[in-house]
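Peer 1: structure.csv is reproduced below (CSV, C-alpha atoms).
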```csv
chain,number,residue,atom,x,y,z
J,716,ILE,CA,0.0,0.0,0.0
J,717,TRP,CA,1.7,3.2,-1.1
J,718,GLY,CA,0.6,6.9,-1.2
J,719,THR,CA,-1.7,8.4,1.5
J,720,GLY,CA,0.5,11.6,1.4
J,721,GLU,CA,3.8,12.4,2.9
J,722,ARG,CA,4.4,9.9,5.7
J,723,PHE,CA,7.3,9.8,8.2
J,724,ASP,CA,6.6,6.4,9.8
J,725,ARG,CA,6.5,4.0,6.8
J,726,VAL,CA,6.4,3.9,3.0
J,727,ASP,CA,4.4,0.7,2.7
J,728,GLN,CA,1.3,1.3,4.8
J,729,MET,CA,0.2,-2.4,4.8
J,730,GLY,CA,-0.7,-3.3,8.4
J,731,GLY,CA,-0.7,0.4,9.4
J,732,GLU,CA,-3.2,3.2,10.0
J,733,THR,CA,-3.0,6.8,8.7
J,734,CYS,CA,-4.2,10.1,10.0
J,735,GLY,CA,-6.0,12.1,7.4
J,736,GLN,CA,-5.7,15.5,8.9
J,737,VAL,CA,-3.1,18.2,8.3
J,738,VAL,CA,-1.1,18.3,11.6
J,739,GLU,CA,1.6,20.7,12.7
J,740,HIS,CA,3.9,18.7,14.9
J,741,PHE,CA,7.4,19.8,15.8
J,742,THR,CA,10.0,17.0,15.2
J,743,ARG,CA,9.4,13.2,15.6
J,744,GLN,CA,6.3,13.4,13.5
J,745,GLY,CA,5.6,9.6,13.7
J,746,ARG,CA,2.1,9.0,12.3
J,747,TRP,CA,1.3,12.7,12.0
J,748,THR,CA,1.8,14.5,8.7
J,749,TYR,CA,1.8,18.0,7.3
J,750,LEU,CA,0.6,16.7,4.0
J,751,PRO,CA,-2.0,13.8,3.9
J,752,ALA,CA,-3.9,12.7,0.9
J,753,PRO,CA,-7.1,10.5,0.7
J,754,PHE,CA,-5.4,8.3,-1.9
J,755,PHE,CA,-3.6,5.0,-2.0
J,756,MET,CA,-2.3,2.6,-4.7
J,757,THR,CA,-1.3,-1.0,-4.6
J,758,ASP,CA,0.7,-3.6,-6.7
J,759,ALA,CA,-2.5,-5.6,-7.0
J,760,GLY,CA,-3.9,-3.6,-9.9
J,761,TYR,CA,-6.1,-1.1,-8.0
J,762,GLY,CA,-5.9,2.1,-6.0
J,763,TYR,CA,-8.4,4.5,-4.6
J,764,TYR,CA,-9.1,8.3,-4.3
J,765,ARG,CA,-11.8,10.0,-2.3
J,766,ASP,CA,-12.5,13.5,-3.6
J,767,THR,CA,-12.9,15.3,-0.3
J,768,ARG,CA,-10.9,17.6,1.9
J,769,CYS,CA,-12.4,16.1,5.0
J,770,SER,CA,-10.0,14.1,7.2
J,771,VAL,CA,-10.0,10.5,5.9
J,772,GLY,CA,-8.5,8.0,8.3
J,773,MET,CA,-7.4,4.8,6.7
J,774,ALA,CA,-6.5,1.4,8.2
J,775,PHE,CA,-4.8,-1.4,6.0
J,776,GLY,CA,-5.2,-4.8,7.6
J,777,LYS,CA,-7.0,-7.9,6.3
J,778,GLU,CA,-9.6,-5.4,5.2
J,779,ILE,CA,-9.1,-1.7,4.1
J,780,ARG,CA,-11.2,0.5,6.4
J,781,MET,CA,-11.8,4.3,6.1
J,782,ALA,CA,-13.4,6.8,8.4
J,783,SER,CA,-14.5,10.2,7.2
J,784,PRO,CA,-17.5,12.5,7.1
J,785,VAL,CA,-19.7,12.1,4.0
J,786,LEU,CA,-20.6,15.4,2.3
J,787,PRO,CA,-22.8,16.1,-0.7
J,788,GLY,CA,-20.9,15.9,-4.0
J,789,GLN,CA,-18.1,13.7,-2.6
J,790,GLU,CA,-16.9,11.2,-5.2
J,791,ASP,CA,-14.9,8.0,-4.8
J,792,THR,CA,-12.8,6.8,-7.7
J,793,TRP,CA,-11.1,3.4,-8.1
J,794,LEU,CA,-7.8,3.6,-9.9
J,795,LEU,CA,-7.0,0.7,-12.1
J,796,GLY,CA,-3.8,-0.6,-13.7
J,797,ASP,CA,-0.2,-0.9,-12.6
J,798,PRO,CA,1.1,1.6,-9.9
J,799,ALA,CA,2.4,4.1,-12.5
J,800,ARG,CA,-1.0,4.2,-14.2
J,801,GLN,CA,-2.8,4.5,-10.8
J,802,LEU,CA,-0.6,7.4,-9.8
J,803,LYS,CA,-1.1,9.1,-13.2
J,804,THR,CA,-4.9,8.8,-12.9
J,805,TYR,CA,-4.8,10.3,-9.4
J,806,MET,CA,-2.7,13.2,-10.6
J,807,GLY,CA,-5.1,13.7,-13.5
J,808,LEU,CA,-7.9,14.1,-11.0
J,809,THR,CA,-6.1,16.4,-8.6
J,810,GLY,CA,-3.9,18.4,-11.0
J,811,ALA,CA,-0.6,18.2,-12.9
J,812,PRO,CA,2.6,19.2,-11.2
J,813,ALA,CA,3.6,22.8,-11.8
J,814,LEU,CA,7.2,23.1,-13.1
J,815,PRO,CA,9.2,25.5,-11.0
J,816,PRO,CA,11.8,27.8,-12.6
J,817,GLU,CA,15.1,26.3,-13.4
J,818,TRP,CA,16.9,28.2,-10.6
J,819,ALA,CA,14.9,26.3,-8.0
J,820,PHE,CA,16.8,23.2,-8.7
J,821,GLY,CA,20.1,24.6,-7.6
J,822,LEU,CA,21.6,24.7,-4.1
J,823,TRP,CA,19.5,26.5,-1.4
J,824,ILE,CA,21.1,28.2,1.7
J,825,SER,CA,19.0,29.2,4.6
J,826,ALA,CA,19.0,29.7,8.4
J,827,ASN,CA,16.5,31.3,10.7
J,828,GLY,CA,19.2,33.4,12.4
J,829,TRP,CA,20.2,35.7,9.5
J,830,ARG,CA,18.8,38.9,10.8
J,831,CYS,CA,20.6,41.9,9.2
J,832,ASP,CA,22.7,43.1,6.3
J,833,ALA,CA,25.9,41.9,7.9
J,834,ASP,CA,24.6,38.3,8.2
J,835,VAL,CA,23.8,38.2,4.5
J,836,GLU,CA,27.1,39.7,3.5
J,837,GLU,CA,28.9,37.1,5.6
J,838,GLN,CA,27.1,34.3,3.8
J,839,LEU,CA,27.8,35.8,0.3
J,840,ALA,CA,31.4,36.1,1.2
J,841,ALA,CA,31.5,32.5,2.4
J,842,LEU,CA,29.9,31.3,-0.9
J,843,LYS,CA,32.6,33.1,-2.9
J,844,LYS,CA,35.4,31.9,-0.6
J,845,TYR,CA,34.4,28.2,-0.9
J,846,ASP,CA,33.1,28.4,-4.4
J,847,ALA,CA,29.7,27.0,-3.4
J,848,PRO,CA,27.3,27.0,-6.3
J,849,ALA,CA,24.2,28.2,-4.5
J,850,SER,CA,21.3,29.6,-6.5
J,851,VAL,CA,18.7,30.4,-3.7
J,852,MET,CA,18.9,32.3,-0.4
J,853,VAL,CA,16.1,32.1,2.1
J,854,LEU,CA,15.7,34.7,4.8
J,855,GLU,CA,13.3,33.8,7.6
J,856,ALA,CA,14.1,36.6,10.2
J,857,TRP,CA,13.6,39.5,7.8
J,858,SER,CA,10.3,41.0,8.9
J,859,ASP,CA,9.2,43.3,11.7
J,860,GLU,CA,7.6,40.2,13.4
J,861,SER,CA,4.3,42.1,13.5
J,862,THR,CA,3.0,42.6,10.0
J,863,PHE,CA,5.2,40.2,8.1
J,864,TYR,CA,5.2,42.6,5.1
J,865,ARG,CA,7.6,45.2,6.4
J,866,TRP,CA,11.4,44.8,6.9
J,867,SER,CA,12.6,45.0,10.5
J,868,ASP,CA,14.7,47.9,11.6
J,869,ALA,CA,17.8,45.6,11.7
J,870,TRP,CA,18.1,45.9,8.0
J,871,LYS,CA,19.9,49.2,7.1
J,872,ASP,CA,18.9,49.2,3.4
J,873,PRO,CA,16.7,46.3,2.3
J,874,GLN,CA,16.6,47.4,-1.4
J,875,ARG,CA,20.4,47.5,-1.6
J,876,MET,CA,20.7,44.2,0.2
J,877,VAL,CA,18.3,42.5,-2.2
J,878,LYS,CA,20.4,43.8,-5.1
J,879,LYS,CA,23.5,42.4,-3.5
J,880,VAL,CA,21.9,39.0,-3.3
J,881,ARG,CA,20.8,39.2,-7.0
J,882,ASP,CA,24.1,40.5,-8.1
J,883,ALA,CA,25.7,37.5,-6.5
J,884,GLY,CA,23.6,35.2,-8.7
J,885,LEU,CA,21.1,34.2,-6.1
J,886,HIS,CA,17.3,34.3,-6.0
J,887,LEU,CA,15.8,35.6,-2.8
J,888,VAL,CA,13.0,33.8,-0.9
J,889,LEU,CA,11.3,35.4,2.2
J,890,TRP,CA,9.5,33.6,5.0
J,891,GLN,CA,5.7,34.1,5.4
J,892,ILE,CA,3.0,33.1,7.7
J,893,PRO,CA,-0.8,33.3,7.0
J,894,VAL,CA,-1.9,35.3,10.1
J,895,ILE,CA,-2.9,38.7,11.2
J,896,LYS,CA,-1.1,38.6,14.5
J,897,SER,CA,-2.5,39.3,17.9
J,898,ALA,CA,-1.7,42.8,19.2
J,899,GLU,CA,-0.6,41.4,22.6
J,900,ASP,CA,2.2,39.4,20.9
J,901,SER,CA,3.4,42.1,18.4
J,902,PRO,CA,6.2,44.6,18.7
J,903,ASP,CA,4.2,47.1,16.7
J,904,ARG,CA,0.8,47.0,18.3
J,905,GLU,CA,-0.5,50.0,16.4
J,906,ALA,CA,0.1,48.5,13.0
J,907,VAL,CA,-1.4,45.2,14.0
J,908,CYS,CA,-4.5,46.7,15.5
J,909,ARG,CA,-5.0,48.8,12.4
J,910,ASP,CA,-4.8,45.7,10.1
J,911,ARG,CA,-7.0,43.7,12.3
J,912,ALA,CA,-9.7,46.4,12.4
J,913,VAL,CA,-9.7,46.8,8.6
J,914,ALA,CA,-9.8,43.0,7.9
J,915,VAL,CA,-12.6,42.4,10.4
J,916,SER,CA,-14.7,45.3,9.2
J,917,LYS,CA,-14.4,44.3,5.6
J,918,GLY,CA,-15.0,40.6,6.2
J,919,TRP,CA,-11.6,39.6,5.0
J,920,VAL,CA,-10.9,37.1,7.8
J,921,ILE,CA,-12.3,33.6,8.3
J,922,ARG,CA,-15.3,33.7,10.5
J,923,LYS,CA,-17.3,31.4,12.7
J,924,ALA,CA,-20.9,30.5,12.0
J,925,ASP,CA,-22.1,33.2,14.4
J,926,GLY,CA,-20.3,35.8,12.3
J,927,SER,CA,-17.5,36.5,14.8
J,928,PRO,CA,-13.9,36.4,13.6
J,929,TYR,CA,-12.1,33.0,14.0
J,930,VAL,CA,-9.2,33.3,16.4
J,931,ILE,CA,-6.4,30.7,16.6
J,932,PRO,CA,-7.2,29.1,19.9
J,933,GLU,CA,-3.8,27.8,21.0
J,934,ARG,CA,-0.1,27.0,20.2
J,935,TRP,CA,1.7,28.7,17.4
J,936,PHE,CA,0.4,32.3,16.8
J,937,GLU,CA,-2.4,31.9,19.4
J,938,GLY,CA,-4.8,34.8,19.3
J,939,SER,CA,-4.2,35.6,15.6
J,940,LEU,CA,-6.7,36.0,12.9
J,941,LEU,CA,-6.6,34.1,9.6
J,942,PRO,CA,-7.0,35.9,6.3
J,943,ASP,CA,-9.6,34.3,4.0
J,944,PHE,CA,-7.7,33.5,0.8
J,945,THR,CA,-10.9,32.4,-0.9
J,946,ASN,CA,-12.1,36.1,-0.9
J,947,PRO,CA,-10.6,38.0,-3.9
J,948,GLU,CA,-10.9,41.3,-2.0
J,949,ALA,CA,-9.0,39.9,1.0
J,950,CYS,CA,-6.3,38.7,-1.4
J,951,GLU,CA,-6.0,42.0,-3.1
J,952,TRP,CA,-5.6,43.8,0.3
J,953,TRP,CA,-3.2,41.2,1.7
J,954,PHE,CA,-0.9,41.2,-1.4
J,955,SER,CA,-1.0,44.9,-2.0
J,956,ARG,CA,1.0,45.2,1.2
J,957,ARG,CA,3.6,42.8,-0.2
J,958,ASP,CA,3.8,44.1,-3.8
J,959,HIS,CA,6.9,46.1,-2.8
J,960,LEU,CA,8.8,42.9,-2.1
J,961,LEU,CA,8.3,41.6,-5.6
J,962,LEU,CA,9.2,45.0,-7.0
J,963,SER,CA,12.5,45.0,-5.0
J,964,GLY,CA,13.5,41.7,-6.6
J,965,VAL,CA,12.2,39.0,-4.2
J,966,GLU,CA,11.2,35.9,-6.2
J,967,GLY,CA,9.6,33.5,-3.8
J,968,PHE,CA,8.1,32.9,-0.4
J,969,LYS,CA,8.6,30.2,2.2
J,970,THR,CA,4.9,29.8,2.9
J,971,ASP,CA,5.2,28.3,6.4
J,972,GLY,CA,2.2,27.3,8.6
J,973,GLY,CA,-1.4,27.1,7.4
J,974,GLU,CA,-2.3,24.3,9.9
J,975,PHE,CA,-4.1,26.5,12.4
J,976,LEU,CA,-7.8,26.4,11.3
J,977,PHE,CA,-9.5,24.2,13.8
J,978,GLY,CA,-13.1,23.1,14.3
J,979,SER,CA,-16.1,22.7,11.9
J,980,ASP,CA,-17.9,25.8,13.0
J,981,VAL,CA,-16.1,28.1,10.5
J,982,CYS,CA,-17.2,29.9,7.3
J,983,LEU,CA,-15.1,30.6,4.3
J,984,HIS,CA,-16.0,33.1,1.5
J,985,ASP,CA,-16.2,30.5,-1.2
J,986,GLY,CA,-18.5,28.2,0.8
J,987,THR,CA,-15.9,25.6,1.7
J,988,PRO,CA,-17.7,23.5,4.3
J,989,GLY,CA,-16.3,23.7,7.9
J,990,LEU,CA,-15.5,20.0,7.9
J,991,GLU,CA,-13.2,20.5,4.9
J,992,ALA,CA,-11.8,23.9,5.9
J,993,HIS,CA,-8.8,22.7,8.0
J,994,ASN,CA,-7.3,20.5,5.3
J,995,ALA,CA,-8.3,22.9,2.5
J,996,TYR,CA,-6.8,26.1,4.0
J,997,PRO,CA,-3.0,25.4,3.4
J,998,LEU,CA,-3.5,24.9,-0.3
J,999,GLN,CA,-5.9,27.9,-0.6
J,1000,TYR,CA,-3.1,30.0,1.1
J,1001,ILE,CA,-0.3,28.7,-1.1
J,1002,ARG,CA,-2.2,29.0,-4.4
J,1003,ALA,CA,-3.1,32.6,-3.6
J,1004,TYR,CA,0.6,33.4,-3.4
J,1005,HIS,CA,1.2,31.6,-6.7
J,1006,GLU,CA,-1.6,33.5,-8.4
J,1007,TRP,CA,-0.4,36.8,-7.0
J,1008,MET,CA,3.2,36.3,-8.3
J,1009,ARG,CA,1.9,35.3,-11.7
J,1010,ARG,CA,-0.4,38.4,-11.9
J,1011,ARG,CA,2.7,40.5,-11.1
J,1012,GLY,CA,4.7,38.8,-13.8
J,1013,VAL,CA,7.1,37.0,-11.4
J,1014,LEU,CA,7.9,33.4,-12.2
J,1015,GLY,CA,8.5,32.7,-8.5
J,1016,VAL,CA,8.1,29.8,-6.1
J,1017,THR,CA,6.4,29.0,-2.8
J,1018,PHE,CA,8.2,26.6,-0.4
J,1019,SER,CA,5.6,25.0,1.9
J,1020,ARG,CA,5.3,22.2,4.4
J,1021,ALA,CA,1.5,21.8,4.6
J,1022,GLY,CA,-1.0,20.7,2.0
J,1023,TYR,CA,-3.5,18.2,0.9
J,1024,ALA,CA,-4.5,16.3,-2.3
J,1025,GLY,CA,-3.5,18.5,-5.3
J,1026,ALA,CA,-0.5,20.1,-3.5
J,1027,GLN,CA,1.7,19.2,-6.5
J,1028,THR,CA,-0.1,22.0,-8.4
J,1029,ALA,CA,1.6,24.6,-6.1
J,1030,PRO,CA,5.2,23.4,-5.6
J,1031,LEU,CA,7.6,23.4,-3.8
J,1032,HIS,CA,7.4,21.5,-0.5
J,1033,TRP,CA,9.8,20.5,2.3
J,1034,ALA,CA,9.5,18.0,5.1
J,1035,GLY,CA,9.1,20.5,8.0
J,1036,ASP,CA,11.0,20.3,11.3
J,1037,GLN,CA,13.1,17.3,12.3
J,1038,LEU,CA,15.9,16.8,14.8
J,1039,SER,CA,19.6,16.3,13.8
J,1040,THR,CA,19.5,12.5,14.5
J,1041,TRP,CA,19.9,9.3,12.5
J,1042,GLU,CA,16.3,8.3,13.4
J,1043,GLU,CA,15.0,11.6,12.0
J,1044,LEU,CA,17.1,11.3,8.8
J,1045,LYS,CA,15.4,7.9,8.2
J,1046,ALA,CA,12.0,9.6,8.7
J,1047,GLN,CA,13.0,12.2,6.2
J,1048,LEU,CA,13.9,9.6,3.6
J,1049,THR,CA,10.5,7.8,4.3
J,1050,ALA,CA,8.7,11.2,3.9
J,1051,GLY,CA,10.4,11.9,0.6
J,1052,LEU,CA,9.6,8.5,-0.8
J,1053,SER,CA,6.0,8.5,0.3
J,1054,ALA,CA,5.5,12.1,-0.9
J,1055,GLY,CA,6.8,11.2,-4.3
J,1056,LEU,CA,4.5,8.2,-4.4
J,1057,SER,CA,1.6,10.6,-3.6
J,1058,GLY,CA,2.4,13.0,-6.5
J,1059,ILE,CA,4.5,15.5,-4.6
J,1060,VAL,CA,7.3,15.7,-7.1
J,1061,PHE,CA,9.3,18.8,-6.1
J,1062,TRP,CA,10.3,18.1,-2.5
J,1063,GLY,CA,13.2,18.6,-0.2
J,1064,PHE,CA,14.2,18.5,3.5
J,1065,ASP,CA,16.6,20.3,5.9
J,1066,ILE,CA,20.0,18.8,5.4
J,1067,GLY,CA,21.3,17.5,8.7
J,1068,GLY,CA,18.0,18.2,10.5
J,1069,PHE,CA,16.6,21.5,11.7
J,1070,ALA,CA,16.6,21.4,15.5
J,1071,GLY,CA,18.5,20.0,18.5
J,1072,GLU,CA,22.3,19.4,18.7
J,1073,LEU,CA,24.5,20.0,15.8
J,1074,PRO,CA,24.7,16.9,13.6
J,1075,GLU,CA,27.8,14.7,13.8
J,1076,ALA,CA,29.9,14.8,10.7
J,1077,GLU,CA,28.9,11.4,9.3
J,1078,LEU,CA,25.2,12.3,9.7
J,1079,TYR,CA,25.7,15.6,7.9
J,1080,LEU,CA,27.6,14.0,5.0
J,1081,ARG,CA,25.0,11.2,4.6
J,1082,ALA,CA,22.2,13.8,4.7
J,1083,THR,CA,24.0,15.9,2.1
J,1084,ALA,CA,24.4,12.8,-0.2
J,1085,PHE,CA,20.7,12.1,0.2
J,1086,ALA,CA,19.8,15.7,-0.7
J,1087,CYS,CA,21.8,15.5,-3.9
J,1088,PHE,CA,19.0,13.1,-5.1
J,1089,CYS,CA,16.2,15.4,-4.1
J,1090,PRO,CA,14.7,18.0,-6.4
J,1091,ILE,CA,15.2,20.7,-3.7
J,1092,MET,CA,18.6,20.6,-2.0
J,1093,GLN,CA,18.5,23.0,1.0
J,1094,TRP,CA,20.8,23.7,3.9
J,1095,HIS,CA,18.7,25.1,6.8
J,1096,ALA,CA,18.8,25.1,10.6
J,1097,GLU,CA,17.5,26.9,13.6
J,1098,THR,CA,19.9,29.2,15.5
J,1099,PRO,CA,21.8,27.1,18.1
J,1100,GLY,CA,20.4,27.9,21.6
```
Write the structure described by the file as structure tokens, please.

Peer 2:
Amino acid sequence: IWGTGERFDRVDQMGGETCGQVVEHFTRQGRWTYLPAPFFMTDAGYGYYRDTRCSVGMAFGKEIRMASPVLPGQEDTWLLGDPARQLKTYMGLTGAPALPPEWAFGLWISANGWRCDADVEEQLAALKKYDAPASVMVLEAWSDESTFYRWSDAWKDPQRMVKKVRDAGLHLVLWQIPVIKSAEDSPDREAVCRDRAVAVSKGWVIRKADGSPYVIPERWFEGSLLPDFTNPEACEWWFSRRDHLLLSGVEGFKTDGGEFLFGSDVCLHDGTPGLEAHNAYPLQYIRAYHEWMRRRGVLGVTFSRAGYAGAQTAPLHWAGDQLSTWEELKAQLTAGLSAGLSGIVFWGFDIGGFAGELPEAELYLRATAFACFCPIMQWHAETPG
């Protein structure tokens, strides 16, 4: 049994059970996944796809069992033929993979601790010194940590810095998060309160059935609002604040998060049922970024960890957060194989792991060798504590 989305526990799901919900889980994902799919294929001449964004739990024992809500219009499709034909049929139903620009297949460098011009200049100098053939630089800690569309004061001249990156032959990708942050947790309370007031008054945020704004109830970005990317006016407002980034030369966004829409009592502008909203939201968010860049004439990329069936139509993806251990490297290999067997073609992971102790040399070398065979080869890590 192959497919079912990106899986960290096993590639062959025979004898196992899968969770069908998009789950944000920091390291040691186990049975949890950022990117499930209600699809499987077999070497017995048949596979299956349920056309729903509801959570579909699957168990593969002597019998194949599924558990999910049934909504009007939901369709089940049996996929026949050898595994290659089954996968091709599934991708025909959910969308063909979008081909990224050629530069996306080069070496990516990233770290969430690069916070100012001097950090970038240090990395550019190191690339030149060691003749490292990088093509992409990712900046995570670039924003004001309030609006996520303004540069922080730590950057002396963002426009000049972007030009330096471009002149060095690299393409710049900036980190994003789909939230309107809570004022209590923001350095710039005034800007956040202003954005929240506008978005709520215009109906540009996701709401609950009673009409009140949905608020992230816990964990990452607790208290924040979620923009409704199914609302064209909300998208126009959201991206008008980010147009200056594209004009400066930014060519992509690390579209992190998207897993924070909980509960069935929510209303989206396009009528997405509440039971489907949680799994649907990550792809709605990512596709909105793709469409915005295309409208602005930028052949850019998104780099995402969350998604659902059809995620291949909005590449690229990476495996999320793992520790720098051999066990986690094995889980990353499992995730890459199962993602590929679920139609997620353009995929990568954090070489050597993202969190925890620095990896031992052998682990780092083996992870680098593995990454050479992944479409996206990215060095990335958190700042050592």

Peer 1: Rank J:Asp766, J:Asp925, J:Asp882, J:Asp859 by their smallest atom-to-atom distance to Ala906 of chain J, using only C-alpha atoms, and report the top residue only.

Peer 2: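 Among the listed residues, J:Asp859 lies closest to Ala906 of chain J.
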
Peer 1: Just to confirm, what's the straight-line distance from atom CA of Glu966 of chain J to atom CA of Leu1014 of chain J in Å (one decimal)?

Peer 2: 7.3 Å

Peer 1: Do you know which residues are at most 12 Å from Lys871 of chain J counting all atoms listed in the file, after dropping those on the same chain fewer than 3 positions away, and could you put them as a ChimeraX atom specification?

Peer 2: /J:830-835,857,866-868,874-877

Peer 1: To one decimal place, how far is atom CA of Tyr845 of chain J from atom CA of Ala1034 of chain J in Å?

Peer 2: 27.6 Å

Peer 1: Any chance you could tabulate, as CSV, the residues of segment 891-964 of chain J at most 12 Å from segment 1001-1008 of chain J with each one's nearest atom pair and distance in Å to one decimal, using all atoms listed in the file, in chain and rising number order?

Peer 2:
```
residue,atom,partner,partner_atom,distance
J:Gln891,CA,J:Tyr1004,CA,10.2
J:Ile892,CA,J:Ile1001,CA,10.4
J:Pro893,CA,J:Ile1001,CA,9.3
J:Pro942,CA,J:Ala1003,CA,11.1
J:Asp943,CA,J:Ala1003,CA,10.1
J:Phe944,CA,J:Ala1003,CA,6.4
J:Thr945,CA,J:Ala1003,CA,8.3
J:Asn946,CA,J:Ala1003,CA,10.0
J:Pro947,CA,J:Ala1003,CA,9.2
J:Glu948,CA,J:Ala1003,CA,11.8
J:Ala949,CA,J:Ala1003,CA,10.5
J:Cys950,CA,J:Ala1003,CA,7.2
J:Glu951,CA,J:Trp1007,CA,8.6
J:Trp952,CA,J:Trp1007,CA,11.4
J:Trp953,CA,J:Tyr1004,CA,10.1
J:Phe954,CA,J:Trp1007,CA,7.1
J:Ser955,CA,J:Trp1007,CA,9.5
J:Arg956,CA,J:Trp1007,CA,11.8
J:Arg957,CA,J:Trp1007,CA,9.9
J:Asp958,CA,J:Trp1007,CA,9.0
J:His959,CA,J:Met1008,CA,11.8
J:Leu960,CA,J:Met1008,CA,10.6
J:Leu961,CA,J:Met1008,CA,7.8
J:Leu962,CA,J:Met1008,CA,10.6
J:Gly964,CA,J:Met1008,CA,11.8
```

Peer 1: For Arg722 of chain J, which of J:Val851, J:Cys908, J:Ala995, J:Leu1048 is the closest residue, counting all atoms listed in the file?

Peer 2: J:Leu1048

Peer 1: Which of these, J:Tyr764, J:Tyr1023, J:Phe1085, J:Phe975, has the shortest distance to Thr748 of chain J once you count all atoms listed in the file?

Peer 2: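 Of J:Tyr764, J:Tyr1023, J:Phe1085, J:Phe975, the one nearest Thr748 of chain J, counting all atoms listed in the file, is J:Tyr1023.
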
Peer 1: List every protein, DNA or RNA residue with an atom no more than 12 Å from (23.9, 16.3, -1.7) in the file's coordinates, counting only C-alpha atoms, and format the result as a ChimeraX atom specification.

Peer 2: /J:821-823,1063-1067,1079-1094

Peer 1: Using only C-alpha atoms, please write the residues we just selected to a file, as a JSON list (two decimals), in the coordinates of the input.

Peer 2:
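again-v2.json written:
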```
[["chain", "number", "residue", "atom", "x", "y", "z"],
["J", 821, "GLY", "CA", 20.10, 24.60, -7.60],
["J", 822, "LEU", "CA", 21.60, 24.70, -4.10],
["J", 823, "TRP", "CA", 19.50, 26.50, -1.40],
["J", 1063, "GLY", "CA", 13.20, 18.60, -0.20],
["J", 1064, "PHE", "CA", 14.20, 18.50, 3.50],
["J", 1065, "ASP", "CA", 16.60, 20.30, 5.90],
["J", 1066, "ILE", "CA", 20.00, 18.80, 5.40],
["J", 1067, "GLY", "CA", 21.30, 17.50, 8.70],
["J", 1079, "TYR", "CA", 25.70, 15.60, 7.90],
["J", 1080, "LEU", "CA", 27.60, 14.00, 5.00],
["J", 1081, "ARG", "CA", 25.00, 11.20, 4.60],
["J", 1082, "ALA", "CA", 22.20, 13.80, 4.70],
["J", 1083, "THR", "CA", 24.00, 15.90, 2.10],
["J", 1084, "ALA", "CA", 24.40, 12.80, -0.20],
["J", 1085, "PHE", "CA", 20.70, 12.10, 0.20],
["J", 1086, "ALA", "CA", 19.80, 15.70, -0.70],
["J", 1087, "CYS", "CA", 21.80, 15.50, -3.90],
["J", 1088, "PHE", "CA", 19.00, 13.10, -5.10],
["J", 1089, "CYS", "CA", 16.20, 15.40, -4.10],
["J", 1090, "PRO", "CA", 14.70, 18.00, -6.40],
["J", 1091, "ILE", "CA", 15.20, 20.70, -3.70],
["J", 1092, "MET", "CA", 18.60, 20.60, -2.00],
["J", 1093, "GLN", "CA", 18.50, 23.00, 1.00],
["J", 1094, "TRP", "CA", 20.80, 23.70, 3.90]]
```

Peer 1: Which residue gives the smallest distance to Ser1019 of chain J among J:Gly918, J:Gly986, J:Gly1051, J:Gly973, with only C-alpha atoms counted?

Peer 2: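 Distance minimum relative to Ser1019 of chain J lands on J:Gly973.
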
Peer 1: Go through J:Ile931, J:Ala819, J:Leu794, J:Met729 one by one, measure the shortest atom-to-atom distance of each to Gly776 of chain J using all atoms listed in the file, and give the residue with the smallest value.

Peer 2: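 The closest residue to Gly776 of chain J is J:Met729.
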